[in-house]
$ cat final_1.cif   # mmCIF, C-alpha atoms
data_input
#
loop_
_atom_site.label_atom_id
_atom_site.label_comp_id
_atom_site.auth_asym_id
_atom_site.auth_seq_id
_atom_site.Cartn_x
_atom_site.Cartn_y
_atom_site.Cartn_z
CA MET A 1 -17.51 35.35 30.89
CA VAL A 2 -17.38 37.22 27.64
CA VAL A 3 -16.26 35.82 24.32
CA TYR A 4 -14.67 38.40 22.08
CA SER A 5 -13.77 36.52 18.97
CA PHE A 6 -13.17 33.13 17.47
CA PHE A 7 -10.86 31.93 14.70
CA ILE A 8 -10.24 28.66 12.88
CA PHE A 9 -7.03 28.07 10.94
CA ASP A 10 -6.53 25.12 8.61
CA ARG A 11 -3.41 23.03 8.04
CA HIS A 12 -2.28 25.41 5.32
CA CYS A 13 -2.09 28.14 7.97
CA GLU A 14 -4.99 29.94 6.37
CA CYS A 15 -7.72 31.51 8.44
CA ILE A 16 -10.90 29.76 7.34
CA TYR A 17 -13.32 31.24 9.84
CA ILE A 18 -13.55 34.44 11.85
CA ARG A 19 -16.27 35.46 14.21
CA GLN A 20 -16.42 38.52 16.38
CA TRP A 21 -19.04 39.15 19.03
CA LEU A 22 -18.36 42.33 20.91
CA GLU A 23 -17.90 45.57 19.12
CA SER A 24 -15.88 48.23 20.86
CA THR A 25 -17.43 48.95 24.21
CA SER A 26 -15.39 51.18 26.43
CA THR A 27 -12.16 52.29 24.84
CA PRO A 28 -12.51 55.44 22.78
CA ALA A 29 -9.94 54.30 20.37
CA PRO A 30 -9.67 56.70 17.42
CA ALA A 31 -6.97 58.90 18.90
CA GLN A 32 -4.76 56.02 19.86
CA PRO A 33 -1.94 54.81 17.72
CA LEU A 34 -2.59 51.61 15.94
CA SER A 35 -1.91 49.03 18.59
CA ARG A 36 -1.26 45.50 17.62
CA PRO A 37 -3.69 43.41 19.59
CA VAL A 38 -1.42 40.48 20.07
CA THR A 39 2.27 40.95 20.12
CA ALA A 40 5.03 38.80 21.36
CA SER A 41 5.27 40.83 24.52
CA SER A 42 1.63 40.36 25.40
CA ALA A 43 2.30 36.67 25.56
CA THR A 44 4.40 37.15 28.63
CA THR A 45 1.29 37.83 30.66
CA THR A 46 2.38 41.23 31.79
CA ALA A 47 -0.51 43.56 32.16
CA THR A 48 1.29 46.66 31.07
CA SER A 49 0.03 47.62 27.67
CA THR A 50 -2.87 49.97 27.53
CA ALA A 51 -5.19 49.19 24.70
CA GLU A 52 -4.60 45.60 23.83
CA LYS A 53 -8.20 44.57 23.92
CA PRO A 54 -8.53 42.62 20.70
CA THR A 55 -12.02 43.80 20.02
CA SER A 56 -11.67 47.40 21.02
CA GLY A 57 -12.04 49.95 18.33
CA ASN A 58 -8.55 49.91 16.97
CA LYS A 59 -8.19 50.01 13.25
CA LEU A 60 -6.94 46.53 12.60
CA SER A 61 -9.18 44.67 10.25
CA MET A 62 -10.24 41.20 11.23
CA ALA A 63 -8.03 39.74 8.53
CA GLU A 64 -5.00 41.48 9.96
CA GLN A 65 -5.94 40.39 13.44
CA ALA A 66 -6.20 36.82 12.24
CA LYS A 67 -2.76 37.03 10.73
CA LEU A 68 -1.26 38.33 13.95
CA VAL A 69 -3.08 35.79 16.06
CA PHE A 70 -1.82 33.04 13.84
CA GLY A 71 1.72 34.32 14.05
CA VAL A 72 1.61 34.21 17.81
CA ILE A 73 -0.03 30.82 18.24
CA PHE A 74 2.24 29.29 15.65
CA SER A 75 5.37 30.51 17.39
CA LEU A 76 4.14 29.73 20.88
CA ARG A 77 3.08 26.26 19.87
CA ASN A 78 6.46 25.54 18.33
CA MET A 79 8.26 27.01 21.30
CA VAL A 80 6.26 24.86 23.73
CA LYS A 81 7.03 21.73 21.74
CA LYS A 82 10.70 22.61 21.55
CA LEU A 83 11.00 23.28 25.27
CA CYS A 84 9.02 20.34 26.58
CA GLY A 85 8.88 17.76 23.82
CA PRO A 86 6.04 16.72 21.55
CA ASP A 87 3.77 15.58 24.38
CA ASP A 88 3.29 19.07 25.71
CA SER A 89 0.83 21.42 24.13
CA PHE A 90 0.10 25.11 24.22
CA LEU A 91 -3.26 25.83 25.86
CA CYS A 92 -3.74 29.52 26.48
CA PHE A 93 -2.16 32.82 27.44
CA ARG A 94 -3.53 35.95 29.00
CA THR A 95 -2.74 39.61 29.04
CA GLY A 96 -4.18 42.39 31.12
CA HIS A 97 -7.29 42.51 28.99
CA TYR A 98 -7.96 39.20 27.39
CA LYS A 99 -7.20 35.54 27.38
CA LEU A 100 -6.44 33.49 24.30
CA HIS A 101 -7.46 29.84 24.25
CA TYR A 102 -5.98 27.39 21.80
CA TYR A 103 -6.88 23.92 20.65
CA GLU A 104 -5.24 21.98 17.85
CA THR A 105 -6.45 18.73 16.33
CA ILE A 106 -4.16 16.02 15.03
CA THR A 107 -5.18 17.09 11.53
CA SER A 108 -3.63 20.51 12.24
CA LEU A 109 -6.87 22.42 12.51
CA ARG A 110 -6.36 25.22 15.00
CA PHE A 111 -9.18 26.69 17.03
CA VAL A 112 -8.60 29.98 18.81
CA MET A 113 -10.94 31.88 21.08
CA LEU A 114 -10.37 35.25 22.73
CA THR A 115 -12.28 35.85 25.93
CA ASP A 116 -12.14 38.00 29.02
CA ILE A 117 -9.51 37.13 31.59
CA ARG A 118 -11.74 35.48 34.17
CA THR A 119 -12.66 32.61 31.87
CA GLU A 120 -11.48 29.13 32.76
CA ASN A 121 -9.48 27.17 30.23
CA LEU A 122 -11.64 26.51 27.19
CA LYS A 123 -9.71 23.65 25.64
CA LEU A 124 -12.62 21.29 26.24
CA SER A 125 -15.12 23.72 24.80
CA LEU A 126 -13.01 24.20 21.70
CA HIS A 127 -12.77 20.44 21.38
CA GLN A 128 -16.55 20.25 21.57
CA ILE A 129 -16.88 22.88 18.88
CA TYR A 130 -14.68 20.69 16.72
CA VAL A 131 -16.59 17.48 17.47
CA ASN A 132 -20.16 18.72 17.55
CA LEU A 133 -20.10 21.62 15.12
CA TYR A 134 -17.12 21.53 12.78
CA VAL A 135 -17.21 17.81 12.04
CA GLU A 136 -21.00 17.65 11.90
CA TYR A 137 -21.75 20.72 9.83
CA VAL A 138 -18.61 21.35 7.83
CA VAL A 139 -16.81 18.04 7.31
CA LYS A 140 -19.95 15.95 6.91
CA ASN A 141 -21.62 18.45 4.62
CA PRO A 142 -21.29 16.79 1.22
CA LEU A 143 -21.56 20.13 -0.56
CA SER A 144 -18.70 21.74 1.30
CA PRO A 145 -15.26 21.36 -0.29
CA VAL A 146 -12.46 19.44 1.40
CA GLU A 147 -10.16 22.44 1.41
CA HIS A 148 -11.74 25.60 2.71
CA ALA A 149 -9.82 28.25 0.84
CA GLY A 150 -11.23 31.63 1.76
CA GLY A 151 -13.52 30.05 4.31
CA GLU A 152 -15.68 28.40 1.67
CA GLY A 153 -17.92 25.77 3.21
CA VAL A 154 -17.23 26.76 6.80
CA ASN A 155 -19.43 29.82 6.90
CA ASN A 156 -22.67 27.90 6.44
CA GLU A 157 -25.78 28.75 8.38
CA MET A 158 -25.94 25.62 10.53
CA PHE A 159 -22.37 26.13 11.70
CA GLU A 160 -22.90 29.83 12.43
CA LEU A 161 -26.06 29.10 14.43
CA GLY A 162 -24.28 26.31 16.24
CA ILE A 163 -21.38 28.54 17.19
CA ASP A 164 -23.73 31.27 18.37
CA GLY A 165 -25.71 28.87 20.50
CA PHE A 166 -22.59 27.29 21.90
CA VAL A 167 -21.03 30.57 22.87
CA ARG A 168 -24.23 31.55 24.60
CA THR A 169 -24.14 28.36 26.67
CA ILE A 170 -20.62 28.92 27.91
CA GLN A 171 -21.30 32.51 28.83
CA MET B 1 -1.86 3.92 24.81
CA ALA B 2 -1.59 0.19 25.14
CA SER B 3 -2.90 -2.17 22.55
CA THR B 4 -5.64 -3.54 24.79
CA THR B 5 -6.82 -0.04 25.63
CA ARG B 6 -7.20 0.61 21.93
CA ALA B 7 -9.20 -2.54 21.44
CA ARG B 8 -11.49 -1.39 24.22
CA LEU B 9 -11.72 2.08 22.74
CA GLY B 10 -12.67 0.65 19.36
CA GLU B 11 -15.29 -1.54 20.98
CA GLU B 12 -16.73 1.34 22.94
CA VAL B 13 -16.90 3.72 20.01
CA TRP B 14 -18.53 1.05 17.90
CA LYS B 15 -21.12 0.32 20.58
CA SER B 16 -22.01 3.77 21.76
CA ARG B 17 -20.94 6.41 19.27
CA THR B 18 -21.43 4.95 15.82
CA ASP B 19 -24.63 5.32 13.83
CA LYS B 20 -25.24 1.95 12.28
CA ILE B 21 -26.87 1.01 9.05
CA ASN B 22 -27.76 -2.31 7.55
CA ALA B 23 -24.61 -4.14 6.43
CA GLU B 24 -26.29 -5.48 3.31
CA LEU B 25 -27.14 -1.95 2.25
CA VAL B 26 -23.45 -1.05 2.42
CA THR B 27 -22.41 -4.23 0.62
CA LEU B 28 -24.95 -3.79 -2.16
CA THR B 29 -24.29 -0.07 -2.56
CA TYR B 30 -20.56 -0.65 -2.81
CA GLY B 31 -21.19 -3.49 -5.24
CA SER B 32 -23.29 -1.24 -7.46
CA VAL B 33 -20.56 1.39 -7.49
CA VAL B 34 -17.95 -1.13 -8.59
CA ALA B 35 -20.26 -2.74 -11.12
CA GLN B 36 -21.14 0.63 -12.61
CA LEU B 37 -17.48 1.61 -12.83
CA CYS B 38 -16.67 -1.65 -14.62
CA LYS B 39 -19.47 -0.94 -17.07
CA ASP B 40 -18.60 2.72 -17.60
CA LEU B 41 -14.92 2.04 -18.09
CA ASP B 42 -15.61 -0.86 -20.40
CA GLY B 43 -13.76 -3.46 -18.38
CA ASP B 44 -10.58 -1.44 -18.03
CA TYR B 45 -9.91 -2.82 -14.57
CA ALA B 46 -6.70 -0.94 -13.97
CA GLU B 47 -8.71 2.25 -14.39
CA VAL B 48 -11.49 0.89 -12.14
CA ASN B 49 -8.89 0.27 -9.42
CA LYS B 50 -7.64 3.79 -9.88
CA GLN B 51 -11.10 5.35 -9.68
CA LEU B 52 -11.98 3.32 -6.57
CA ASP B 53 -8.75 4.43 -4.94
CA LYS B 54 -9.52 8.05 -5.80
CA MET B 55 -13.03 7.84 -4.38
CA GLY B 56 -11.62 6.27 -1.24
CA TYR B 57 -9.00 8.98 -0.98
CA ASN B 58 -11.66 11.68 -1.00
CA ILE B 59 -13.60 9.77 1.63
CA GLY B 60 -10.48 9.37 3.76
CA LEU B 61 -9.75 13.10 3.76
CA ARG B 62 -13.05 13.69 5.55
CA LEU B 63 -13.40 10.44 7.42
CA ILE B 64 -10.32 11.16 9.50
CA GLU B 65 -12.07 14.11 11.14
CA ASP B 66 -15.04 11.96 12.06
CA PHE B 67 -12.64 9.32 13.31
CA LEU B 68 -10.78 11.79 15.54
CA ALA B 69 -14.00 13.32 16.80
CA LYS B 70 -15.52 9.97 17.76
CA SER B 71 -12.41 8.29 19.10
CA ASN B 72 -11.44 11.42 21.00
CA MET B 73 -7.78 10.99 20.18
CA GLN B 74 -5.73 14.04 20.97
CA GLN B 75 -2.19 12.77 20.69
CA LYS B 76 -0.36 11.68 17.62
CA CYS B 77 0.82 8.10 17.44
CA ALA B 78 4.39 7.82 18.66
CA ASN B 79 5.46 5.48 15.86
CA PHE B 80 4.17 3.65 12.83
CA ARG B 81 3.45 0.50 14.82
CA ASP B 82 1.03 2.47 16.95
CA THR B 83 -0.53 3.85 13.82
CA ALA B 84 -1.10 0.34 12.49
CA ASP B 85 -2.67 -0.68 15.78
CA VAL B 86 -5.03 2.29 15.75
CA ILE B 87 -6.06 1.73 12.13
CA SER B 88 -6.92 -1.87 12.81
CA LYS B 89 -8.40 -1.81 16.31
CA VAL B 90 -10.11 1.56 16.30
CA GLY B 91 -10.51 2.63 12.68
CA PHE B 92 -11.72 -0.57 11.05
CA LYS B 93 -13.63 -1.53 14.17
CA MET B 94 -15.42 1.79 14.31
CA PHE B 95 -16.49 1.98 10.69
CA LEU B 96 -16.75 -1.63 9.53
CA ASN B 97 -16.88 -3.60 12.77
CA ILE B 98 -13.94 -5.77 11.80
CA ILE B 99 -10.44 -5.95 13.24
CA PRO B 100 -7.93 -6.86 10.54
CA THR B 101 -4.86 -8.76 11.66
CA ILE B 102 -1.60 -6.83 11.52
CA ALA B 103 1.19 -8.94 10.08
CA ASN B 104 4.38 -9.10 8.06
CA TRP B 105 6.22 -6.10 9.48
CA SER B 106 9.28 -5.15 7.50
CA SER B 107 12.50 -4.91 9.46
CA ASP B 108 12.60 -1.10 9.30
CA ASN B 109 9.05 -0.88 10.74
CA LYS B 110 7.79 1.04 7.76
CA GLN B 111 5.72 -1.62 6.06
CA PHE B 112 2.99 -3.88 7.31
CA SER B 113 0.07 -5.89 6.06
CA LEU B 114 -3.53 -5.87 7.13
CA LEU B 115 -5.19 -9.25 6.74
CA LEU B 116 -8.92 -8.88 6.34
CA ASP B 117 -10.28 -12.12 7.71
CA GLU B 118 -13.75 -10.99 6.83
CA ASN B 119 -14.55 -8.23 4.39
CA PRO B 120 -18.05 -6.78 4.62
CA LEU B 121 -17.63 -5.11 1.24
CA ALA B 122 -17.12 -8.42 -0.50
CA ASP B 123 -20.10 -10.44 0.75
CA PHE B 124 -22.16 -11.99 -2.06
CA VAL B 125 -19.49 -11.02 -4.59
CA GLU B 126 -18.19 -12.96 -7.54
CA LEU B 127 -15.79 -11.27 -9.89
CA PRO B 128 -16.87 -11.08 -13.54
CA ASP B 129 -15.97 -14.21 -15.44
CA ASP B 130 -14.31 -12.53 -18.40
CA GLY B 131 -10.84 -13.87 -17.89
CA LYS B 132 -9.51 -10.43 -16.99
CA ALA B 133 -11.16 -9.39 -13.74
CA GLN B 134 -9.68 -12.31 -11.81
CA GLY B 135 -6.22 -11.03 -12.53
CA GLU B 136 -6.71 -7.27 -12.62
CA LEU B 137 -9.58 -6.02 -10.49
CA TRP B 138 -8.96 -5.25 -6.83
CA TYR B 139 -12.57 -5.26 -5.77
CA SER B 140 -12.16 -3.51 -2.40
CA ASN B 141 -9.62 -1.00 -3.64
CA MET B 142 -11.60 1.87 -2.15
CA LEU B 143 -10.26 0.86 1.27
CA CYS B 144 -6.72 1.61 0.08
CA GLY B 145 -7.72 5.13 -0.86
CA VAL B 146 -9.50 5.69 2.43
CA ILE B 147 -6.40 4.79 4.42
CA ARG B 148 -4.16 6.85 2.16
CA GLY B 149 -6.40 9.93 2.44
CA ALA B 150 -6.91 9.63 6.16
CA LEU B 151 -3.23 9.21 6.95
CA GLU B 152 -2.29 12.09 4.69
CA MET B 153 -4.39 14.40 6.85
CA VAL B 154 -2.44 13.35 9.91
CA GLN B 155 0.83 14.03 8.16
CA MET B 156 1.79 10.60 6.93
CA GLN B 157 2.34 9.90 3.27
CA VAL B 158 1.73 6.23 2.63
CA ASP B 159 1.36 3.81 -0.21
CA VAL B 160 -1.48 1.31 0.14
CA HIS B 161 -2.33 -1.52 -2.19
CA PHE B 162 -3.83 -4.99 -2.19
CA VAL B 163 -1.50 -7.92 -2.66
CA SER B 164 -4.08 -10.67 -2.47
CA ASP B 165 -7.84 -11.08 -2.34
CA ILE B 166 -9.97 -14.09 -1.49
CA LEU B 167 -12.24 -13.06 -4.37
CA ARG B 168 -9.40 -13.80 -6.74
CA GLY B 169 -8.93 -17.24 -5.26
CA HIS B 170 -6.07 -16.35 -2.89
CA ASP B 171 -6.03 -17.72 0.65
CA THR B 172 -6.21 -14.32 2.33
CA THR B 173 -7.22 -10.75 1.64
CA GLU B 174 -4.10 -8.73 2.30
CA MET B 175 -3.41 -4.99 2.07
CA ARG B 176 0.15 -3.73 2.13
CA ILE B 177 0.77 -0.35 3.73
CA THR B 178 4.09 1.43 3.33
CA LEU B 179 5.13 4.61 5.07
CA ILE B 180 6.80 6.90 2.59
CA ARG B 181 7.46 9.85 4.86
CA TYR B 182 6.09 12.02 7.60
CA ILE B 183 4.83 15.31 6.19
CA ASP B 184 6.18 18.44 7.85
CA ASP B 185 4.00 21.17 9.30
CA GLU B 186 3.19 23.77 6.73
CA MET B 187 4.72 27.13 7.44
CA PRO B 188 2.73 30.32 7.15
CA GLN B 189 3.42 32.37 4.06
CA ASP B 190 5.89 35.11 4.63
CA ASP B 191 4.14 38.25 3.53
CA GLU B 192 6.04 40.98 5.24
#

$ encode --input "final_1.cif" --output "structure tokens"
Amino acid sequence: MVVYSFFIFDRHCECIYIRQWLESTSTPAPAQPLSRPVTASSATTTATSTAEKPTSGNKLSMAEQAKLVFGVIFSLRNMVKKLCGPDDSFLCFRTGHYKLHYYETITSLRFVMLTDIRTENLKLSLHQIYVNLYVEYVVKNPLSPVEHAGGEGVNNEMFELGIDGFVRTIQ
Amino acid sequence: MASTTRARLGEEVWKSRTDKINAELVTLTYGSVVAQLCKDLDGDYAEVNKQLDKMGYNIGLRLIEDFLAKSNMQQKCANFRDTADVISKVGFKMFLNIIPTIANWSSDNKQFSLLLDENPLADFVELPDDGKAQGELWYSNMLCGVIRGALEMVQMQVDVHFVSDILRGHDTTEMRITLIRYIDDEMPQDDE
């Protein structure tokens, strides 16, 4: 499997961590119109759109991507809860080109990972990232602030190395 | 999750997933903190209580993540009674190896008491004999802050305070916890 990118959002709906692994590989993107990598329609698992690879060379900055990703997971999560009650939770969705995995803690931290479509559900892996990396290296780091505005405290070296190593193990 | 399952969970986390340190080290460290505060604030015990609560609050904000990671809880408590059960049987068990008794529920299920039959923080402690501390200092007030901070992170605004303390000569050590409200999910900022 291939991991494209990874996001963490805090309870204030702010993106506190972004990581991207694959730069554009195949799609020669420049000529294409600016395609939004995640739109509401891509959530319906139809494989119609052409260049929806989140990491392909479209011109969206990572910050814009994060905003769009958050918009989608926030709506989907609320929709799932409304349709099936509070016990249900949103796990993942896939399009023709990628799969988005979602894990939310009770403290409203949201972990999102974009991978290729063959990947199994990564909820457990995201939970492990939370338990073994986020809690250990971010929460328990006495020098990191409690609120991570602008990603402060999350982007420390131990956490980065941990994430890198972890992603390598699930590949 | 049934109450007995929680007791077992607390037991298991305590046994297998908690790093343990010498209890006396904790007791003496906490004692030094309180003693230093009393000295620094010149015996203004109301302020000492406040500072202890604040320190606890900051601990609670982080401790909740460790708690969730170790206890592996993924679902929110269905009601406040469940919350009380989890605090006592899993939370206190996991971090202090005690299980406070839950008592005195109010009729609207929004208030309960935790009775600390034993309090590891208060071993070896005698309150200062200055005529004031006995009536003003809540020695273990940090615990109140911890609970307040931790519950705030899981979207519950609560008020926590001590109503009695064996150190003050009462029969029990009792904390009163009141649910003020459930905090709503924050909405993303509308920037378009």

$ resolve_selection --input "final_1.cif" --expression "the PyMOL selection byres ((chain A) within 9 of (chain B))" --output "MDAnalysis selection string"
chainID A and resid 11:14 70:71 74 87 104:108 127:128 130:132 135:136 139:140 146

$ closest_residue --input "final_1.cif" --among "A:Ile73, A:Cys15, A:Leu133, A:Val3" --to "A:Met158" --atoms "all atoms listed in the file"
A:Leu133

$ resolve_selection --input "final_1.cif" --expression "the PyMOL selection byres ((chain B and resi 156-163) around 8)" --output "PyMOL selection string"
chain B and resi 138+141+144-145+147-148+151-155+164-165+173-183

$ residues_around --input "final_1.cif" --residues "stretch 22-29 of chain B" --least-positions-apart "4" --cutoff "12 Å" --atoms "all atoms listed in the file" --output "PyMOL selection string"
chain B and resi 33-36+95-97+119-125+139-140

$ resolve_selection --input "final_1.cif" --expression "the PyMOL selection byres ((chain B and resi 11-17) around 8)" --output "MDAnalysis selection string"
chainID B and resid 7:10 18:19 70:71 90 93:95 97

$ closest_residue --input "final_1.cif" --among "B:Asp53, B:Gln134, B:Arg6, B:Leu167" --to "B:Ile99" --atoms "all atoms listed in the file"
B:Arg6

$ closest_residue --input "final_1.cif" --among "B:Thr4, B:Leu41, B:His170, B:Gly91" --to "B:Gly135" --atoms "only C-alpha atoms"
B:His170

$ atom_distance --input "final_1.cif" --atom1 "atom CA of B:Ile87" --atom2 "atom CA of B:Leu116"
12.4 Å

$ atom_distance --input "final_1.cif" --atom1 "atom CA of B:Pro100" --atom2 "atom CA of A:Leu109"
29.4 Å

$ atom_distance --input "final_1.cif" --atom1 "atom CA of B:Tyr45" --atom2 "atom CA of B:Gly31"
14.7 Å

$ axis_aligned_box --input "final_1.cif" --around "stretch 117-131 of chain B" --padding-each-side "3 Å" --output "JSON"
{"center_x": -16.2, "center_y": -9.7, "center_z": -5.3, "size_x": 17.9, "size_y": 15.1, "size_z": 32.1}
